[in-house]
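Q: Sharing a structure, written as structure tokens. Questions coming.
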Amino acid sequence: MARWDQVVRINREIEERFNVSAAVRSNGSLYLSGLTPIDDKMQVMGVGDIEAQVRQVYARLERALATCCCSPLHVVCETFYTTDIQGLGRAAWIRDQFYESASAAPPAATAVEVRRLFFPEALIELAVTAELPADAPVPAPPVP
């Protein structure tokens with residue numbers, strides 16, 4: 001179980017609405033979950049277009065990492081959940097480009113095809129583990 005002093009709010013409205021913590025710091029690692037292709041109003045972006053959705057997920061990942069004083073260089077593991085494993089394979093170049101543009105090695109990764117995701121129009125969801133930099137400041141915990 002996460003403690004409040006480990007939680008970093010990435011999108012307070014979404015996290016409070018669904019009672020989740022999208023980012024948790026623990027023992028030198030950062031755990032990010034629920035990276036879906038939604039905008040700040042919780043609307044799925046790129047409906048029916050897996051490439052657009054992958055781009056949106058990586059844009060959200062980049063913002064989440066920055067919020068936690070990290071970058072793509074710190075990502076060590078990804079788990080993709082998708083309703084279209086073949087489409088995800090065709091869109092893999094976007095992931096490759098994300099890490100290449102940061103001069104980062106690709107992290108360990110797993111992709112799993114599922115029947116449905118929380119947002120019905122979403123084709124993908126990403127969970128990430130990153131290594132926190134030793135000098136990363138500890139943000140103030142959210143008020144429970």
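By order of appearance in the structure tokens: chains A, B, ..., then residues from 1 within every chain, and ligands from 1 in the order shown.
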Using only C-alpha atoms, which protein or nucleic acid residues come within 12 Å of Leu123 (chain A)? Drop anything in the same chain fewer than 6 positions from it, and give the result as a ChimeraX atom specification.

A: /A:35-38,44-54,56-57,80-88,91,112-117

Q: Using only C-alpha atoms, what does the table of region 55-132 of chain A residues within 12 Å of region 16-33 of chain A look like, with each row giving the shortest atom pair and its distance in Å to one decimal, sorted by chain and ascending number, as a Markdown table?

A:
| residue | atom | partner | partner_atom | distance |
| --- | --- | --- | --- | --- |
| A:Val57 | CA | A:Ser33 | CA | 11.1 |
| A:Arg60 | CA | A:Leu32 | CA | 10.7 |
| A:Leu61 | CA | A:Leu32 | CA | 8.4 |
| A:Glu62 | CA | A:Leu32 | CA | 11.2 |
| A:Arg63 | CA | A:Leu32 | CA | 11.4 |
| A:Ala64 | CA | A:Leu32 | CA | 7.9 |
| A:Leu65 | CA | A:Leu32 | CA | 8.7 |
| A:Ala66 | CA | A:Leu30 | CA | 11.7 |
| A:Thr67 | CA | A:Ala23 | CA | 9.7 |
| A:Cys68 | CA | A:Leu30 | CA | 8.1 |
| A:Cys69 | CA | A:Leu30 | CA | 10.3 |
| A:Cys70 | CA | A:Leu30 | CA | 9.1 |
| A:Ser71 | CA | A:Leu30 | CA | 11.4 |
| A:His74 | CA | A:Leu30 | CA | 9.2 |
| A:Val75 | CA | A:Leu30 | CA | 8.9 |
| A:Val76 | CA | A:Ser29 | CA | 9.6 |
| A:Cys77 | CA | A:Tyr31 | CA | 9.7 |
| A:Glu78 | CA | A:Leu32 | CA | 9.5 |
| A:Thr79 | CA | A:Ser33 | CA | 9.4 |
| A:Phe80 | CA | A:Ser33 | CA | 10.3 |
| A:Tyr81 | CA | A:Ser33 | CA | 11.0 |
| A:Phe118 | CA | A:Phe18 | CA | 10.8 |
| A:Glu125 | CA | A:Ser33 | CA | 8.3 |
| A:Leu126 | CA | A:Ser33 | CA | 6.5 |
| A:Ala127 | CA | A:Ser33 | CA | 4.4 |
| A:Val128 | CA | A:Leu32 | CA | 5.0 |
| A:Thr129 | CA | A:Tyr31 | CA | 4.7 |
| A:Ala130 | CA | A:Leu30 | CA | 5.0 |
| A:Glu131 | CA | A:Ser29 | CA | 4.6 |
| A:Leu132 | CA | A:Ser29 | CA | 5.3 |

Q: Per DSSP on the backbone, filter chain A down to the residues in helix (DSSP H, G or I) and report them as a VMD selection string.

A: chain A and resid 4 to 6 12 to 18 50 to 67 72 to 74 85 to 90 92 to 101

Q: For the residues in that selection, give me C-alpha atoms as a PDB file, in the first residue's frame.

A:
ATOM      1  CA  TRP A   4       0.625   9.703   1.201  1.00  0.00           C
ATOM      2  CA  ASP A   5       4.232  10.851   1.476  1.00  0.00           C
ATOM      3  CA  GLN A   6       5.070   8.632  -1.550  1.00  0.00           C
ATOM      4  CA  ARG A  12      -5.205  15.773  -9.429  1.00  0.00           C
ATOM      5  CA  GLU A  13      -8.710  15.902 -10.942  1.00  0.00           C
ATOM      6  CA  ILE A  14      -8.453  12.511 -12.625  1.00  0.00           C
ATOM      7  CA  GLU A  15      -6.717  10.870  -9.674  1.00  0.00           C
ATOM      8  CA  GLU A  16      -9.234  12.148  -7.140  1.00  0.00           C
ATOM      9  CA  ARG A  17     -12.211  11.328  -9.346  1.00  0.00           C
ATOM     10  CA  PHE A  18     -11.110   7.694  -9.736  1.00  0.00           C
ATOM     11  CA  ILE A  50      -3.539   3.882 -32.485  1.00  0.00           C
ATOM     12  CA  GLU A  51      -0.618   6.011 -33.674  1.00  0.00           C
ATOM     13  CA  ALA A  52      -2.297   9.184 -32.382  1.00  0.00           C
ATOM     14  CA  GLN A  53      -3.030   7.410 -29.107  1.00  0.00           C
ATOM     15  CA  VAL A  54       0.562   6.207 -28.704  1.00  0.00           C
ATOM     16  CA  ARG A  55       1.798   9.772 -29.309  1.00  0.00           C
ATOM     17  CA  GLN A  56      -0.635  11.069 -26.661  1.00  0.00           C
ATOM     18  CA  VAL A  57       0.455   8.430 -24.143  1.00  0.00           C
ATOM     19  CA  TYR A  58       4.127   9.305 -24.632  1.00  0.00           C
ATOM     20  CA  ALA A  59       3.350  13.026 -24.329  1.00  0.00           C
ATOM     21  CA  ARG A  60       1.626  12.272 -21.016  1.00  0.00           C
ATOM     22  CA  LEU A  61       4.567  10.078 -19.955  1.00  0.00           C
ATOM     23  CA  GLU A  62       7.015  12.885 -20.684  1.00  0.00           C
ATOM     24  CA  ARG A  63       4.975  15.340 -18.558  1.00  0.00           C
ATOM     25  CA  ALA A  64       4.638  12.815 -15.724  1.00  0.00           C
ATOM     26  CA  LEU A  65       8.366  12.103 -15.722  1.00  0.00           C
ATOM     27  CA  ALA A  66       9.184  15.826 -15.688  1.00  0.00           C
ATOM     28  CA  THR A  67       6.828  16.369 -12.754  1.00  0.00           C
ATOM     29  CA  PRO A  72      13.057   9.099 -20.603  1.00  0.00           C
ATOM     30  CA  LEU A  73      16.631   8.248 -19.533  1.00  0.00           C
ATOM     31  CA  HIS A  74      15.235   7.071 -16.188  1.00  0.00           C
ATOM     32  CA  ILE A  85      -1.640  -5.822 -30.429  1.00  0.00           C
ATOM     33  CA  GLN A  86      -1.009  -5.695 -34.190  1.00  0.00           C
ATOM     34  CA  GLY A  87      -1.761  -1.973 -34.304  1.00  0.00           C
ATOM     35  CA  LEU A  88       0.581  -1.406 -31.380  1.00  0.00           C
ATOM     36  CA  GLY A  89       3.300  -3.212 -33.321  1.00  0.00           C
ATOM     37  CA  ARG A  90       2.741  -0.897 -36.302  1.00  0.00           C
ATOM     38  CA  ALA A  92       6.207   0.929 -32.276  1.00  0.00           C
ATOM     39  CA  TRP A  93       8.249   3.474 -34.247  1.00  0.00           C
ATOM     40  CA  ILE A  94       6.732   6.229 -32.075  1.00  0.00           C
ATOM     41  CA  ARG A  95       8.068   4.538 -28.930  1.00  0.00           C
ATOM     42  CA  ASP A  96      11.440   4.040 -30.581  1.00  0.00           C
ATOM     43  CA  GLN A  97      11.564   7.707 -31.561  1.00  0.00           C
ATOM     44  CA  PHE A  98      10.619   8.797 -28.001  1.00  0.00           C
ATOM     45  CA  TYR A  99      13.631   7.037 -26.475  1.00  0.00           C
ATOM     46  CA  GLU A 100      16.026   7.746 -29.359  1.00  0.00           C
ATOM     47  CA  SER A 101      15.306  11.494 -29.160  1.00  0.00           C
TER      48      SER A 101
END

Q: If DSSP is run on the backbone, what residues of region 24-123 of chain A are strand (DSSP E)? A reply as a list in words would be ideal.

A: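 Everything in region 24-123 of chain A that counts as strand (DSSP E) is Val24, Arg25, Ser26, Ser29, Leu30, Tyr31, Leu32, Ser33, Gly34, Leu35, Val75, Val76, Cys77, Glu78, Thr79, Phe80, Tyr81, Thr82, Ala108, Ala109, Thr110, Ala111, Val112 and Glu113 of chain A.
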
Q: Would you save the residues from that selection as a CSV table (one decimal), in the first residue's frame, using C-alpha atoms?

A:
chain,number,residue,atom,x,y,z
A,24,VAL,CA,4.2,6.6,-6.5
A,25,ARG,CA,7.8,7.0,-5.3
A,26,SER,CA,9.3,4.1,-3.4
A,29,SER,CA,11.9,4.0,-8.0
A,30,LEU,CA,9.0,5.8,-9.6
A,31,TYR,CA,5.9,3.8,-10.5
A,32,LEU,CA,3.5,5.4,-13.1
A,33,SER,CA,0.2,3.9,-14.0
A,34,GLY,CA,-2.9,4.7,-16.0
A,35,LEU,CA,-1.1,6.5,-18.8
A,75,VAL,CA,12.6,4.6,-17.6
A,76,VAL,CA,13.6,1.0,-16.9
A,77,CYS,CA,10.4,-0.9,-17.6
A,78,GLU,CA,7.1,-0.5,-19.5
A,79,THR,CA,4.0,-2.6,-19.6
A,80,PHE,CA,1.6,-1.8,-22.5
A,81,TYR,CA,-2.0,-2.9,-22.4
A,82,THR,CA,-3.8,-2.8,-25.7
A,108,ALA,CA,12.5,-3.6,-20.7
A,109,ALA,CA,8.9,-3.9,-22.1
A,110,THR,CA,5.9,-6.1,-22.3
A,111,ALA,CA,2.8,-5.7,-24.3
A,112,VAL,CA,-0.4,-7.5,-23.4
A,113,GLU,CA,-3.6,-7.6,-25.5

Q: Just the number, please: distance in Å from CA of Lys41 (chain A) to CA of Asn11 (chain A), one decimal.

A: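 Between CA of Lys41 (chain A) and CA of Asn11 (chain A) the gap is 10.3 Å.
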
Q: To one decimal place in Å, what is the distance between CA of Pro106 (chain A) and CA of Met42 (chain A)?

A: 28.6 Å

Q: So what do you get for CA of Phe119 (chain A) versus CA of Ile10 (chain A), distance-wise?

A: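 Computing it gives 18.2 Å between the two atoms.
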